[in-house]
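Asker: Have a look at this one.
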Protein chains: 2
Amino acid sequence: MRDVKRVTMEDVAREAGVSRALVSIAYRDAAGVSAATRARILAIGERLGYAPDQVAARLAGVGGRTVGVFIQDLHNDVFADVFDGVRAVVEPARKSLVMAVGTLDGRGDAAALDTLRRSRVDVIVGVGLQLPDVAVQAVSRHVPVVAVARDIPSVDAVITDNEAGARAAVEHLAGLGHRRIAFLANPPGDGYGGRGSGYAAAMRAAGLAPRVASSSYLRAQAAIDAAALLDGPEPPTAIFAHNDQAAFGVLDAAHDRGLVPGVDLSVVGYDNSSMSRAPGTALTTVDLHGAELGRAAAELAAERVSRPDAERLTRTSAPTLIVRGTTGLAPS
Amino acid sequence: MRDVKRVTMEDVAREAGVSRALVSIAYRDAAGVSAATRARILAIGERLGYAPDQVAARLAGVGGRTVGVFIQDLHNDVFADVFDGVRAVVEPARKSLVMAVGTLDGRGDAAALDTLRRSRVDVIVGVGLQLPDVAVQAVSRHVPVVAVARDIPSVDAVITDNEAGARAAVEHLAGLGHRRIAFLANPPGDGYGGRGSGYAAAMRAAGLAPRVASSSYLRAQAAIDAAALLDGPEPPTAIFAHNDQAAFGVLDAAHDRGLVPGVDLSVVGYDNSSMSRAPGTALTTVDLHGAELGRAAAELAAERVSRPDAERLTRTSAPTLIVRGTTGLAPS
DNA sequence: TTGTACGCGTTATCAA
DNA sequence: TTGATAACGCGTACAA
């Protein structure tokens with residue numbers, strides 16, 4: 001249990017009878033040391049229980065080897081998908097990853113980004129940022145940001161066509177005969193307005209009246225907001241939620257009222273989180289392709305680091321509607 | 001977009017006409033600077049866009065202010081609960097948090113812990129570690145580890161009575177008249193053997209024959225393993241899965257076979273992850289009280305840091321069975 | 001309040 | 001090529 005004194009590079013160098021610099025070279029696989037000496041140094045380091053100190057390395061190093069990842073919330077596993085994608089690119093490149101987690105209400109975003117910046121990350125991949133555009137732009141003046149699934153002027157981004165995703169959802173519901181289709185919206189100004197505008201556009205195109213209820217990222221809040229809709233006058237026969245978590249909230253509310261999803265009430269989510277695939281849930285949803293987004297973001301991040309002055313970098317991805325059990329013909 | 005040159009403490013000091021040391025004191029809210037000077041320094045820092053470099057601070061500082069958190073997997077939201085608990089204790093104490101994420105198969109554990117150690121964290125909270133006891137003990141010789149929900153000799157731990165949790169699950173099922181109750185086990189040697197031994201003990205106590213099928217943390221794999229059970233001779237009427245994710249796999253398999261959970265097949269999970277609460281799922285499960293575990297772990301971590309030579313620190317927590325819809329009377 | 005010795009690697013420069 | 005020397009990065013802590 002007792003914490004052993006830290007073994008430093010100096011210790012290894014002394015033991016091996018070489019300079020500190022040479023130990024550094026050996027550990028980094030850099031050129032400038034013979035294979036034999038390198039092997040000997042590593043063996044000694046191993047014996048001493050030495051591990052290079054990343055903190056010191058980051059302070060001393062030339063930079064460009066650390067990627068920061070901001071994640072909105074650990075409870076929503078679409079973010080885990082994105083993270084997996086990022087990791088799949090960053091780890092093989094032997095760069096290190098620093099994570100910061102925000103809060104569901106978005107109030108922790110600024111602090112989390114600040115933590116990242118102060119951790120000397122060379123670039124930040126922002127997943128689920130809710131900060132206003134200008135605030136993100138401000139951060140990106142200090143350290144480049146790659147926004148995932150969000151389109152912020154002059155900020156690198158992996159863009160997904162939220163409008164198209166929302167349109168697909170609405171068209172699916174309209175095709176099933178639904179007329180009163182409500183949208184349970186993300187908080188205004190969170191930067192993901194495309195889902196709302198896509199919904200509105202698709203509704204108008206179908207000759208239907210948009211009906212938007214503002215909500216949040218909290219499942220419990222979404223349940224409350226959905227309940228208000230369902231208990232109000234002219235309840236909707238279908239609800240399109242801005243993300244899967246909110247859709248689960250809608251299902252919670254439906255369940256409380258004895259409404260059978262897909263029969264009495266159709267529900268569509270957004271993300272294709274792994275829980276939406278649970279057979280008992282079988283949520284119809286729009287697949288964001290999270291892992292793909294994460295990979296693309298990590299690639300953009302690498303590109304930005306190597307070309308700091310390049311024009312804005314973007315990549316686009318198209319969401320796909322996945323029809324499962326929570327949507328069905330409109331009750332007649 | 002263009003990345004501005006890094007503003008250092010030196011820059012602020014020069015601009016304010018004071019020493020670097022004083023700027024450091026001002027930014028840390030430490031004693032030794034007048035309120036007026038402090039305000040002036042902070043204002044200048046603000047204007048210059050200065051933010052103290054955490055990396056340099058950690059290298060220079062006395063230590064004891066950084067907590068590392070190992071998390072097995074981001075897709076399992078019981079870990080998110082634990083993380084929330086840790087954060088609720090660490091953030092108010094103004095310590096910083098460094099995260100490392102493992103892999104579902106446990107092969108990434110060693111690397112993740114190593115990353116933490118090399119990041120100069122003063123203590124590691126390990127959530128969902130699958131590494132063998134000896135390996136964890138080895139790590140804890142370099143940096144103290146607080147294991148969550150796992151009992152490793154000589155390693156600090158927040159212990160939860162896995163045996164009791166498993167017993168409660170089995171007793172619940174036996175009480176419903178089930179005789180053929182199978183256990184879908186966690187991988188052997190992952191350190192959470194209590195669930196298996198509790199199951200076996202409870203089965204014998206009830207005069208039933210234990211039946212253990214080895215599985216993994218992967219939902220898909222659990223579905224396959226459950227399928228083998230259900231399609232084999234004398235299929236179980238109830239399955240107790242080692243965690244919720246695996247239980248979801250069981251539900252997947254049941255669904256594929258047209259078996260209605262709680263009627264044709266009873267299923268119990270472990271964790272009370274937020275998705276187990278979904279109405280469409282309504283998984284009967286054992287509540288691990290994740291957030292509570294996380295808080296306790298963070299408290300132990302703080303204690304360990306302040307008393308490096310103290311005896312082994314432990315805290316105990318009791319799981320609770322939560323009966324929902326996936327369990328019901330045994331088919332006659 | 002200030003000066004200054006750290007902390008621990010990395011990298012440019014130089015010698016063999 | 002192989003290796004050594006020394007400066008550097010950015011705060012922190014303690015003596016002055």
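In the structure tokens, each chain is lettered A, B, ... as it comes, each chain's residues begin at 1, and ligands are numbered from 1 in order of appearance.
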How would chain A read as a CSV table (one decimal) with C-alpha atoms, in the first residue's frame after a least-squares superposition onto chain B over every Cα atom, matched in order?
Answerer:
chain,number,residue,atom,x,y,z
A,1,MET,CA,-9.2,29.7,-36.0
A,2,ARG,CA,-5.6,30.6,-36.0
A,3,ASP,CA,-4.2,29.4,-32.7
A,4,VAL,CA,-3.1,32.4,-30.6
A,5,LYS,CA,0.2,32.1,-28.8
A,6,ARG,CA,-0.2,30.7,-25.3
A,7,VAL,CA,-0.5,33.3,-22.6
A,8,THR,CA,1.7,32.4,-19.7
A,9,MET,CA,1.9,33.5,-16.1
A,10,GLU,CA,5.0,35.5,-17.0
A,11,ASP,CA,2.9,37.6,-19.4
A,12,VAL,CA,0.4,38.5,-16.7
A,13,ALA,CA,3.2,39.2,-14.2
A,14,ARG,CA,4.9,41.6,-16.6
A,15,GLU,CA,1.8,43.4,-17.5
A,16,ALA,CA,0.8,43.7,-13.8
A,17,GLY,CA,4.3,44.7,-12.8
A,18,VAL,CA,4.7,42.0,-10.2
A,19,SER,CA,6.5,38.7,-9.9
A,20,ARG,CA,5.4,35.4,-11.3
A,21,ALA,CA,5.2,34.1,-7.8
A,22,LEU,CA,2.6,36.6,-6.9
A,23,VAL,CA,0.5,35.8,-9.8
A,24,SER,CA,0.6,32.2,-8.8
A,25,ILE,CA,-0.5,33.1,-5.3
A,26,ALA,CA,-3.3,35.3,-6.6
A,27,TYR,CA,-4.7,32.6,-8.9
A,28,ARG,CA,-4.6,30.0,-6.2
A,29,ASP,CA,-6.4,32.0,-3.6
A,30,ALA,CA,-3.4,31.5,-1.4
A,31,ALA,CA,-2.3,33.8,1.4
A,32,GLY,CA,0.3,36.4,0.7
A,33,VAL,CA,-1.3,38.9,-1.6
A,34,SER,CA,-3.4,41.9,-0.7
A,35,ALA,CA,-7.0,41.8,-1.9
A,36,ALA,CA,-6.4,44.9,-4.1
A,37,THR,CA,-3.4,43.5,-5.9
A,38,ARG,CA,-5.1,40.1,-6.3
A,39,ALA,CA,-8.1,41.7,-8.0
A,40,ARG,CA,-5.8,43.7,-10.2
A,41,ILE,CA,-3.8,40.6,-11.2
A,42,LEU,CA,-6.9,38.6,-12.0
A,43,ALA,CA,-8.4,41.4,-14.0
A,44,ILE,CA,-5.3,41.6,-16.1
A,45,GLY,CA,-5.2,37.9,-16.5
A,46,GLU,CA,-8.7,38.0,-17.7
A,47,ARG,CA,-8.0,40.7,-20.2
A,48,LEU,CA,-5.1,38.8,-21.6
A,49,GLY,CA,-7.0,35.5,-21.8
A,50,TYR,CA,-4.8,33.8,-19.4
A,51,ALA,CA,-5.6,30.5,-17.8
A,52,PRO,CA,-3.2,28.7,-15.5
A,53,ASP,CA,-1.7,25.7,-17.1
A,54,GLN,CA,-2.8,22.6,-15.3
A,55,VAL,CA,0.0,20.5,-16.7
A,56,ALA,CA,2.7,22.8,-15.4
A,57,ALA,CA,0.9,23.1,-12.1
A,58,ARG,CA,0.7,19.4,-11.7
A,59,LEU,CA,4.3,19.0,-12.4
A,60,ALA,CA,5.4,21.7,-10.1
A,61,GLY,CA,2.8,21.3,-7.4
A,62,VAL,CA,2.9,19.4,-4.2
A,63,GLY,CA,0.4,16.8,-5.3
A,64,GLY,CA,-2.7,15.5,-3.7
A,65,ARG,CA,-5.0,17.4,-5.9
A,66,THR,CA,-5.7,15.0,-8.7
A,67,VAL,CA,-8.0,12.1,-8.7
A,68,GLY,CA,-7.9,9.5,-11.4
A,69,VAL,CA,-11.0,7.6,-12.4
A,70,PHE,CA,-10.9,4.3,-14.3
A,71,ILE,CA,-14.1,3.4,-15.9
A,72,GLN,CA,-14.7,0.0,-17.5
A,73,ASP,CA,-17.0,1.1,-20.3
A,74,LEU,CA,-19.0,4.1,-21.3
A,75,HIS,CA,-21.9,2.1,-22.7
A,76,ASN,CA,-23.0,0.8,-19.3
A,77,ASP,CA,-24.6,3.6,-17.5
A,78,VAL,CA,-24.2,2.2,-14.0
A,79,PHE,CA,-20.7,3.4,-14.4
A,80,ALA,CA,-22.0,6.8,-15.2
A,81,ASP,CA,-23.9,6.8,-11.9
A,82,VAL,CA,-20.7,6.0,-10.1
A,83,PHE,CA,-18.9,8.7,-12.0
A,84,ASP,CA,-21.5,11.2,-11.0
A,85,GLY,CA,-21.0,10.2,-7.4
A,86,VAL,CA,-17.2,10.7,-7.6
A,87,ARG,CA,-17.6,14.0,-9.3
A,88,ALA,CA,-20.0,15.2,-6.7
A,89,VAL,CA,-17.3,14.9,-4.1
A,90,VAL,CA,-14.2,15.8,-6.1
A,91,GLU,CA,-15.4,18.9,-7.8
A,92,PRO,CA,-16.5,20.9,-4.7
A,93,ALA,CA,-13.1,20.0,-3.3
A,94,ARG,CA,-11.5,21.8,-6.3
A,95,LYS,CA,-9.4,18.8,-7.2
A,96,SER,CA,-9.1,17.8,-10.7
A,97,LEU,CA,-10.3,14.6,-12.3
A,98,VAL,CA,-8.6,12.6,-14.9
A,99,MET,CA,-10.4,9.8,-16.6
A,100,ALA,CA,-9.3,6.7,-18.4
A,101,VAL,CA,-11.7,4.3,-20.1
A,102,GLY,CA,-11.1,0.6,-20.3
A,103,THR,CA,-12.6,-2.0,-22.6
A,104,LEU,CA,-15.4,-4.4,-22.1
A,105,ASP,CA,-13.2,-7.4,-22.4
A,106,GLY,CA,-11.0,-6.1,-19.7
A,107,ARG,CA,-7.9,-6.2,-21.9
A,108,GLY,CA,-7.5,-2.4,-21.8
A,109,ASP,CA,-7.4,-2.2,-18.0
A,110,ALA,CA,-3.7,-2.4,-17.6
A,111,ALA,CA,-3.1,0.3,-20.2
A,112,ALA,CA,-5.7,2.6,-18.8
A,113,LEU,CA,-4.4,2.3,-15.3
A,114,ASP,CA,-0.9,3.0,-16.6
A,115,THR,CA,-2.1,6.1,-18.3
A,116,LEU,CA,-3.6,7.3,-15.0
A,117,ARG,CA,-0.4,6.6,-13.1
A,118,ARG,CA,1.7,8.4,-15.7
A,119,SER,CA,-0.7,11.3,-15.5
A,120,ARG,CA,0.5,11.8,-12.0
A,121,VAL,CA,-2.8,11.2,-10.4
A,122,ASP,CA,-2.5,10.9,-6.6
A,123,VAL,CA,-5.1,8.2,-6.3
A,124,ILE,CA,-7.2,6.0,-8.6
A,125,VAL,CA,-10.8,5.2,-8.2
A,126,GLY,CA,-11.3,2.0,-10.1
A,127,VAL,CA,-14.8,1.3,-11.4
A,128,GLY,CA,-15.5,-2.0,-13.0
A,129,LEU,CA,-11.9,-3.2,-13.0
A,130,GLN,CA,-11.5,-6.7,-14.3
A,131,LEU,CA,-7.8,-7.1,-13.7
A,132,PRO,CA,-6.7,-9.9,-11.4
A,133,ASP,CA,-6.2,-9.0,-7.8
A,134,VAL,CA,-2.5,-9.2,-8.0
A,135,ALA,CA,-2.3,-6.9,-10.9
A,136,VAL,CA,-4.4,-4.3,-9.1
A,137,GLN,CA,-2.2,-4.7,-6.0
A,138,ALA,CA,0.8,-4.1,-8.2
A,139,VAL,CA,-0.6,-0.9,-9.5
A,140,SER,CA,-1.5,0.2,-6.0
A,141,ARG,CA,2.1,0.0,-4.9
A,142,HIS,CA,2.7,2.9,-7.3
A,143,VAL,CA,-0.4,4.9,-6.8
A,144,PRO,CA,-3.2,4.0,-4.3
A,145,VAL,CA,-6.3,2.4,-5.7
A,146,VAL,CA,-9.8,2.5,-4.4
A,147,ALA,CA,-11.8,-0.3,-5.9
A,148,VAL,CA,-15.5,0.1,-6.3
A,149,ALA,CA,-17.8,-2.8,-5.7
A,150,ARG,CA,-14.9,-5.2,-5.6
A,151,ASP,CA,-13.0,-6.6,-2.6
A,152,ILE,CA,-9.3,-6.9,-3.2
A,153,PRO,CA,-7.1,-7.8,-0.3
A,154,SER,CA,-5.0,-4.9,0.9
A,155,VAL,CA,-6.6,-2.5,-1.6
A,156,ASP,CA,-8.9,0.2,-0.4
A,157,ALA,CA,-12.4,-0.5,-1.4
A,158,VAL,CA,-16.0,0.4,-1.4
A,159,ILE,CA,-17.5,-3.0,-0.9
A,160,THR,CA,-20.9,-3.9,-1.8
A,161,ASP,CA,-22.3,-7.2,-0.7
A,162,ASN,CA,-22.5,-9.0,-4.1
A,163,GLU,CA,-23.4,-12.2,-2.3
A,164,ALA,CA,-26.4,-10.7,-0.6
A,165,GLY,CA,-27.6,-9.1,-3.8
A,166,ALA,CA,-27.4,-12.4,-5.6
A,167,ARG,CA,-29.1,-14.2,-2.8
A,168,ALA,CA,-31.9,-11.7,-2.9
A,169,ALA,CA,-32.4,-12.3,-6.6
A,170,VAL,CA,-32.5,-16.1,-6.2
A,171,GLU,CA,-34.8,-16.0,-3.2
A,172,HIS,CA,-37.2,-13.8,-5.1
A,173,LEU,CA,-37.2,-16.2,-8.0
A,174,ALA,CA,-37.5,-19.3,-5.8
A,175,GLY,CA,-40.3,-17.6,-4.0
A,176,LEU,CA,-42.2,-17.3,-7.3
A,177,GLY,CA,-41.9,-21.0,-7.7
A,178,HIS,CA,-39.0,-21.2,-10.1
A,179,ARG,CA,-36.9,-24.4,-9.8
A,180,ARG,CA,-34.7,-24.2,-12.8
A,181,ILE,CA,-32.9,-20.9,-12.2
A,182,ALA,CA,-29.8,-20.4,-14.3
A,183,PHE,CA,-27.0,-17.9,-13.6
A,184,LEU,CA,-25.4,-16.1,-16.5
A,185,ALA,CA,-22.1,-15.5,-15.0
A,186,ASN,CA,-19.5,-12.8,-15.4
A,187,PRO,CA,-16.2,-13.9,-16.8
A,188,PRO,CA,-14.2,-16.0,-14.2
A,189,GLY,CA,-11.5,-14.1,-12.4
A,190,ASP,CA,-12.9,-10.7,-13.1
A,191,GLY,CA,-13.1,-10.0,-9.4
A,192,TYR,CA,-16.8,-10.0,-9.0
A,193,GLY,CA,-17.2,-13.6,-8.0
A,194,GLY,CA,-19.5,-12.8,-5.1
A,195,ARG,CA,-22.5,-12.8,-7.4
A,196,GLY,CA,-21.8,-16.3,-8.5
A,197,SER,CA,-21.1,-17.6,-5.0
A,198,GLY,CA,-24.1,-15.9,-3.6
A,199,TYR,CA,-26.2,-17.5,-6.3
A,200,ALA,CA,-24.8,-20.9,-5.6
A,201,ALA,CA,-25.3,-20.6,-1.9
A,202,ALA,CA,-28.8,-19.4,-2.3
A,203,MET,CA,-29.7,-22.2,-4.7
A,204,ARG,CA,-28.4,-24.8,-2.4
A,205,ALA,CA,-30.2,-23.3,0.5
A,206,ALA,CA,-33.4,-23.5,-1.4
A,207,GLY,CA,-32.6,-27.1,-2.3
A,208,LEU,CA,-32.1,-26.3,-5.9
A,209,ALA,CA,-29.3,-27.3,-8.3
A,210,PRO,CA,-27.1,-24.4,-9.4
A,211,ARG,CA,-26.7,-24.1,-13.1
A,212,VAL,CA,-24.0,-21.6,-14.2
A,213,ALA,CA,-23.4,-20.5,-17.8
A,214,SER,CA,-20.3,-18.5,-18.3
A,215,SER,CA,-20.8,-15.2,-20.2
A,216,SER,CA,-19.3,-11.8,-20.6
A,217,TYR,CA,-20.1,-8.1,-20.3
A,218,LEU,CA,-21.2,-7.9,-23.9
A,219,ARG,CA,-24.9,-7.8,-24.4
A,220,ALA,CA,-24.6,-9.6,-27.7
A,221,GLN,CA,-22.6,-12.4,-26.2
A,222,ALA,CA,-25.0,-12.7,-23.3
A,223,ALA,CA,-27.8,-13.1,-25.9
A,224,ILE,CA,-25.9,-16.0,-27.4
A,225,ASP,CA,-25.2,-17.6,-24.1
A,226,ALA,CA,-28.8,-17.2,-23.0
A,227,ALA,CA,-30.0,-18.7,-26.3
A,228,ALA,CA,-27.9,-21.8,-25.7
A,229,LEU,CA,-29.6,-22.2,-22.4
A,230,LEU,CA,-33.1,-21.7,-23.7
A,231,ASP,CA,-32.6,-24.0,-26.7
A,232,GLY,CA,-31.0,-26.7,-24.7
A,233,PRO,CA,-32.5,-29.5,-22.7
A,234,GLU,CA,-34.5,-28.6,-19.6
A,235,PRO,CA,-34.4,-24.9,-20.3
A,236,PRO,CA,-34.5,-22.7,-17.2
A,237,THR,CA,-37.7,-20.8,-16.3
A,238,ALA,CA,-35.6,-18.0,-14.9
A,239,ILE,CA,-32.3,-16.5,-15.6
A,240,PHE,CA,-30.3,-14.3,-13.2
A,241,ALA,CA,-27.7,-12.3,-15.2
A,242,HIS,CA,-24.6,-11.0,-13.6
A,243,ASN,CA,-25.4,-7.4,-14.7
A,244,ASP,CA,-28.1,-5.4,-16.5
A,245,GLN,CA,-26.3,-5.4,-19.8
A,246,ALA,CA,-26.2,-9.2,-19.8
A,247,ALA,CA,-29.8,-9.2,-18.7
A,248,PHE,CA,-30.7,-7.1,-21.8
A,249,GLY,CA,-29.0,-9.8,-23.8
A,250,VAL,CA,-31.2,-12.4,-22.2
A,251,LEU,CA,-34.2,-10.3,-23.0
A,252,ASP,CA,-33.0,-10.1,-26.6
A,253,ALA,CA,-32.8,-13.9,-26.8
A,254,ALA,CA,-36.2,-14.3,-25.1
A,255,HIS,CA,-37.7,-11.8,-27.6
A,256,ASP,CA,-36.3,-13.7,-30.5
A,257,ARG,CA,-38.0,-16.8,-29.3
A,258,GLY,CA,-41.3,-15.2,-28.6
A,259,LEU,CA,-41.0,-15.6,-24.9
A,260,VAL,CA,-42.7,-12.9,-22.8
A,261,PRO,CA,-40.5,-11.8,-19.9
A,262,GLY,CA,-42.1,-12.2,-16.6
A,263,VAL,CA,-44.5,-14.8,-18.0
A,264,ASP,CA,-42.6,-17.4,-20.0
A,265,LEU,CA,-39.2,-16.5,-18.7
A,266,SER,CA,-38.3,-14.5,-15.6
A,267,VAL,CA,-35.2,-12.4,-15.8
A,268,VAL,CA,-33.2,-10.6,-13.1
A,269,GLY,CA,-30.3,-8.3,-13.7
A,270,TYR,CA,-27.8,-6.5,-11.5
A,271,ASP,CA,-27.0,-2.8,-11.3
A,272,ASN,CA,-30.3,-0.9,-11.7
A,273,SER,CA,-28.9,1.0,-14.6
A,274,SER,CA,-31.2,3.7,-15.8
A,275,MET,CA,-32.3,1.7,-18.8
A,276,SER,CA,-33.5,-1.1,-16.6
A,277,ARG,CA,-36.1,1.4,-15.4
A,278,ALA,CA,-37.5,2.0,-18.9
A,279,PRO,CA,-41.2,1.0,-18.8
A,280,GLY,CA,-40.9,-1.2,-21.9
A,281,THR,CA,-38.1,-3.0,-20.2
A,282,ALA,CA,-39.0,-2.9,-16.5
A,283,LEU,CA,-36.2,-5.2,-15.6
A,284,THR,CA,-36.2,-6.7,-12.2
A,285,THR,CA,-32.7,-6.0,-10.9
A,286,VAL,CA,-30.5,-5.6,-7.9
A,287,ASP,CA,-29.8,-1.9,-7.2
A,288,LEU,CA,-26.1,-1.3,-6.8
A,289,HIS,CA,-26.6,2.3,-5.7
A,290,GLY,CA,-24.0,3.5,-8.0
A,291,ALA,CA,-23.9,7.2,-7.1
A,292,GLU,CA,-23.6,6.3,-3.5
A,293,LEU,CA,-20.7,4.0,-4.2
A,294,GLY,CA,-19.0,6.7,-6.2
A,295,ARG,CA,-19.3,9.2,-3.4
A,296,ALA,CA,-18.0,6.8,-0.9
A,297,ALA,CA,-15.1,5.9,-3.2
A,298,ALA,CA,-14.1,9.6,-3.6
A,299,GLU,CA,-14.2,10.1,0.1
A,300,LEU,CA,-12.0,7.1,0.7
A,301,ALA,CA,-9.6,8.4,-2.0
A,302,ALA,CA,-9.3,11.7,-0.2
A,303,GLU,CA,-8.7,10.0,3.0
A,304,ARG,CA,-6.0,7.8,1.5
A,305,VAL,CA,-4.2,10.8,0.0
A,306,SER,CA,-4.1,12.5,3.3
A,307,ARG,CA,-3.0,9.4,5.2
A,308,PRO,CA,-0.8,7.4,2.8
A,309,ASP,CA,0.2,5.0,5.5
A,310,ALA,CA,-3.1,4.3,7.0
A,311,GLU,CA,-4.4,0.7,7.2
A,312,ARG,CA,-6.7,-0.5,4.5
A,313,LEU,CA,-9.7,1.7,4.2
A,314,THR,CA,-13.1,0.2,3.4
A,315,ARG,CA,-16.7,1.2,3.3
A,316,THR,CA,-19.6,-1.1,2.9
A,317,SER,CA,-22.9,-0.7,1.0
A,318,ALA,CA,-25.9,-3.0,0.7
A,319,PRO,CA,-27.6,-3.7,-2.6
A,320,THR,CA,-31.4,-3.8,-2.8
A,321,LEU,CA,-33.6,-5.9,-4.9
A,322,ILE,CA,-36.0,-4.0,-7.2
A,323,VAL,CA,-38.9,-6.0,-8.5
A,324,ARG,CA,-40.3,-4.9,-11.8
A,325,GLY,CA,-41.9,-6.6,-14.7
A,326,THR,CA,-39.5,-9.2,-15.9
A,327,THR,CA,-40.1,-11.6,-13.1
A,328,GLY,CA,-43.3,-13.5,-12.4
A,329,LEU,CA,-44.7,-16.8,-11.2
A,330,ALA,CA,-43.0,-19.9,-12.6
A,331,PRO,CA,-45.0,-21.5,-15.5
A,332,SER,CA,-46.7,-24.6,-14.1
Asker: Stretch 13-16 of chain C: which residues within 12 Å, counting only C-alpha atoms (C1' of nucleotides), same-chain residues fewer than 4 positions away excluded, as a PDB file with N, CA and C atoms (P, O5', C5', C4', C3', O3' and C1' of nucleotides), in the first residue's frame?
Answerer:
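Written out: selection.pdb:
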ATOM      1  P    DT D   1      23.429   7.412 -40.908  1.00  0.00           P
ATOM      2  O5'  DT D   1      23.737   6.331 -39.799  1.00  0.00           O
ATOM      3  C5'  DT D   1      23.321   6.591 -38.482  1.00  0.00           C
ATOM      4  C4'  DT D   1      24.355   5.963 -37.570  1.00  0.00           C
ATOM      5  C3'  DT D   1      23.802   5.839 -36.158  1.00  0.00           C
ATOM      6  O3'  DT D   1      24.115   4.570 -35.621  1.00  0.00           O
ATOM      7  C1'  DT D   1      25.790   7.169 -36.138  1.00  0.00           C
ATOM      8  P    DT D   2      23.329   4.101 -34.349  1.00  0.00           P
ATOM      9  O5'  DT D   2      24.204   4.739 -33.189  1.00  0.00           O
ATOM     10  C5'  DT D   2      25.489   4.207 -32.909  1.00  0.00           C
ATOM     11  C4'  DT D   2      26.047   4.877 -31.668  1.00  0.00           C
ATOM     12  C3'  DT D   2      25.037   5.012 -30.520  1.00  0.00           C
ATOM     13  O3'  DT D   2      25.644   4.593 -29.309  1.00  0.00           O
ATOM     14  C1'  DT D   2      26.001   7.111 -31.007  1.00  0.00           C
ATOM     15  P    DG D   3      24.739   4.482 -27.984  1.00  0.00           P
ATOM     16  O5'  DG D   3      25.039   5.889 -27.317  1.00  0.00           O
ATOM     17  C5'  DG D   3      26.354   6.139 -26.835  1.00  0.00           C
ATOM     18  C4'  DG D   3      26.509   7.577 -26.461  1.00  0.00           C
ATOM     19  C3'  DG D   3      25.578   8.072 -25.346  1.00  0.00           C
ATOM     20  O3'  DG D   3      26.365   8.318 -24.182  1.00  0.00           O
ATOM     21  C1'  DG D   3      25.826   9.687 -27.100  1.00  0.00           C
ATOM     22  P    DA D   4      25.712   9.022 -22.880  1.00  0.00           P
ATOM     23  O5'  DA D   4      26.226  10.510 -23.056  1.00  0.00           O
ATOM     24  C5'  DA D   4      27.618  10.758 -23.177  1.00  0.00           C
ATOM     25  C4'  DA D   4      27.884  12.257 -23.102  1.00  0.00           C
ATOM     26  C3'  DA D   4      27.267  12.936 -21.873  1.00  0.00           C
ATOM     27  O3'  DA D   4      28.173  13.937 -21.404  1.00  0.00           O
ATOM     28  C1'  DA D   4      26.360  13.896 -23.848  1.00  0.00           C
ATOM     29  P    DT D   5      27.883  14.632 -19.981  1.00  0.00           P
ATOM     30  O5'  DT D   5      27.519  16.122 -20.402  1.00  0.00           O
ATOM     31  C5'  DT D   5      28.184  16.727 -21.497  1.00  0.00           C
ATOM     32  C4'  DT D   5      27.585  18.097 -21.783  1.00  0.00           C
ATOM     33  C3'  DT D   5      26.951  18.792 -20.589  1.00  0.00           C
ATOM     34  O3'  DT D   5      27.354  20.155 -20.581  1.00  0.00           O
ATOM     35  C1'  DT D   5      25.380  18.663 -22.353  1.00  0.00           C
ATOM     36  P    DA D   6      26.964  21.111 -19.362  1.00  0.00           P
ATOM     37  O5'  DA D   6      25.729  21.891 -19.997  1.00  0.00           O
ATOM     38  C5'  DA D   6      25.851  22.438 -21.306  1.00  0.00           C
ATOM     39  C4'  DA D   6      24.534  23.074 -21.703  1.00  0.00           C
ATOM     40  C3'  DA D   6      23.815  23.811 -20.563  1.00  0.00           C
ATOM     41  O3'  DA D   6      23.202  24.960 -21.112  1.00  0.00           O
ATOM     42  C1'  DA D   6      22.382  22.197 -21.432  1.00  0.00           C
ATOM     43  P    DA D   7      22.742  26.169 -20.184  1.00  0.00           P
ATOM     44  O5'  DA D   7      21.475  26.711 -20.990  1.00  0.00           O
ATOM     45  C5'  DA D   7      21.497  26.675 -22.410  1.00  0.00           C
ATOM     46  C4'  DA D   7      20.086  26.445 -22.932  1.00  0.00           C
ATOM     47  C3'  DA D   7      19.017  27.265 -22.197  1.00  0.00           C
ATOM     48  O3'  DA D   7      18.144  27.818 -23.159  1.00  0.00           O
ATOM     49  C1'  DA D   7      18.424  24.990 -22.156  1.00  0.00           C
TER      50       DA D   7
END
Asker: Please measure the separation of atom C1' of D:DA13 and atom C1' of C:DT10, giving the value in Å to one decimal.
Answerer: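 Between atom C1' of D:DA13 and atom C1' of C:DT10 the gap is 24.4 Å.
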Asker: If DSSP is run on the backbone, what residues of stretch 29-260 of chain B are alpha helix (DSSP H)? A reply as a VMD selection string would be ideal.
Answerer: chain B and resid 35 to 48 54 to 60 77 to 90 109 to 118 133 to 142 162 to 175 194 to 205 219 to 231 244 to 256
Asker: Select, as a ChimeraX atom specification, those residues of chain D with any atom no more than 10 Å from chain B (distances computed using only C-alpha atoms (C1' of nucleotides)).
Answerer: /D:9-13
Asker: Filtering to C-alpha atoms (C1' of nucleotides), could you give me those residues as an mmCIF file, in the first residue's frame?
Answerer:
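This is the output file result06.cif:
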data_model
loop_
_atom_site.group_PDB
_atom_site.id
_atom_site.type_symbol
_atom_site.label_atom_id
_atom_site.label_comp_id
_atom_site.auth_asym_id
_atom_site.auth_seq_id
_atom_site.Cartn_x
_atom_site.Cartn_y
_atom_site.Cartn_z
ATOM 1 C "C1'" DG D 9 8.420 24.560 -20.585
ATOM 2 C "C1'" DC D 10 5.270 26.734 -16.666
ATOM 3 C "C1'" DG D 11 3.966 26.877 -12.395
ATOM 4 C "C1'" DT D 12 4.843 26.069 -7.064
ATOM 5 C "C1'" DA D 13 7.026 26.473 -2.630
#
